[in-house]
Each structure stands twice: as C-alpha cells, then as structure tokens.
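First up is the structure itself, then whatever we jot down about it.
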Amino acid sequence: MSIRARAWTALLLPPLAWFLFEQGLSALLHAHCGRSDIGVAWGVASLIVCGVAFRIAWPFRTREGALANPWLARLALVAAGFFALAICFQTLALLMVPACVR
C-alpha cells in the first residue's frame with residue numbers, strides 16, 4: 001500500500017468508525033433499550049479503530065516527498081483525536097444516563 005493510500009485510509013477510518021458507532025447505538029437503543037454493556041463494548045471497539053487510524057498516520061507525519069502526504073497524515077491525526085473524543089463522550093453518556101424503564 002502506498003504512503004498516500006495509507007494516509008487516506010487513516011483519514012477516512014475515524015469518521016467511518018464514528019458513523020457506525022452512532023448507527024449501532026441507535027439500533028441498540030431501539031432493540032435493547034440502551035443496554036450499557038453492549039454500548040460500552042461498541043464504544044471501545046470504535047475507539048480502537050480510531051487508535052489504529054492514528055497508528056497508521058503517525059509514521060507519515062514528517063515524511064519528506066510529496067507535500068500532500070505529510071499534510072494528509074497530520075490531518076488524519078487530528079481527525080482520529082477529534083472523533084475519538086466524540087466517541088468517548090458518547091460512551092460516557094451511556095454510563096451516566098440510565099437505560100429505559102420497561
């Protein structure tokens with residue numbers, strides 16, 4: 001895989017992880033009334049995906065060569081942190097807000 005492809009992969013993984021996390025929480029809320037154990041596991045898995053994206057982009061942040069590659073890698077690092085923070089807040093909200101009353 002080329003450097004540019006890795007940088008693009010690292011850039012696109014965090015928003016995709018966040019989107020799938022939100023969709024999974026929506027399905028969980030409708031199906032199981034917000035069970036926090038499944039939601040927390042889903043959040044941890046999404047955070048791991050953001051960590052993988054961060055790890056993919058980290059070595060390319062200072063590479064010399066094409067101007068776009070380090071720029072994309074740095075943007076991917078910021079995106080991974082930003083979306084990991086959003087996933088973390090939503091996961092913490094699952095633990096603070098009680099599940100639905102049946």
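Ordering of the structure tokens sets the chain letters (A, B, ...); residue numbers start at 1 within each chain; ligands are numbered from 1 in the order shown.
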Margin query: Which residues are near stretch 5-16 of chain A? Cut-off 12 Å, only C-alpha atoms, ignore same chain within fewer than 6 positions. Put them as a ChimeraX atom specification.
Written below: /A:22-23,45-61,63,68-87
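Of the residues listed (A:Ser36, A:Trp18, A:Met1, A:Ala27), A:Ser36 shows the shortest atom-to-atom separation from A:Val97; distances use only C-alpha atoms.
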Note to self: as a list of chain:residue names, please: the residues near stretch 91-94 of chain A (cut-off 7 Å, only C-alpha atoms, same-chain neighbours under 5 positions excluded).
What the structure shows: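 Those residues are A:Ser36, A:Gly39, A:Val40, A:Gly43.
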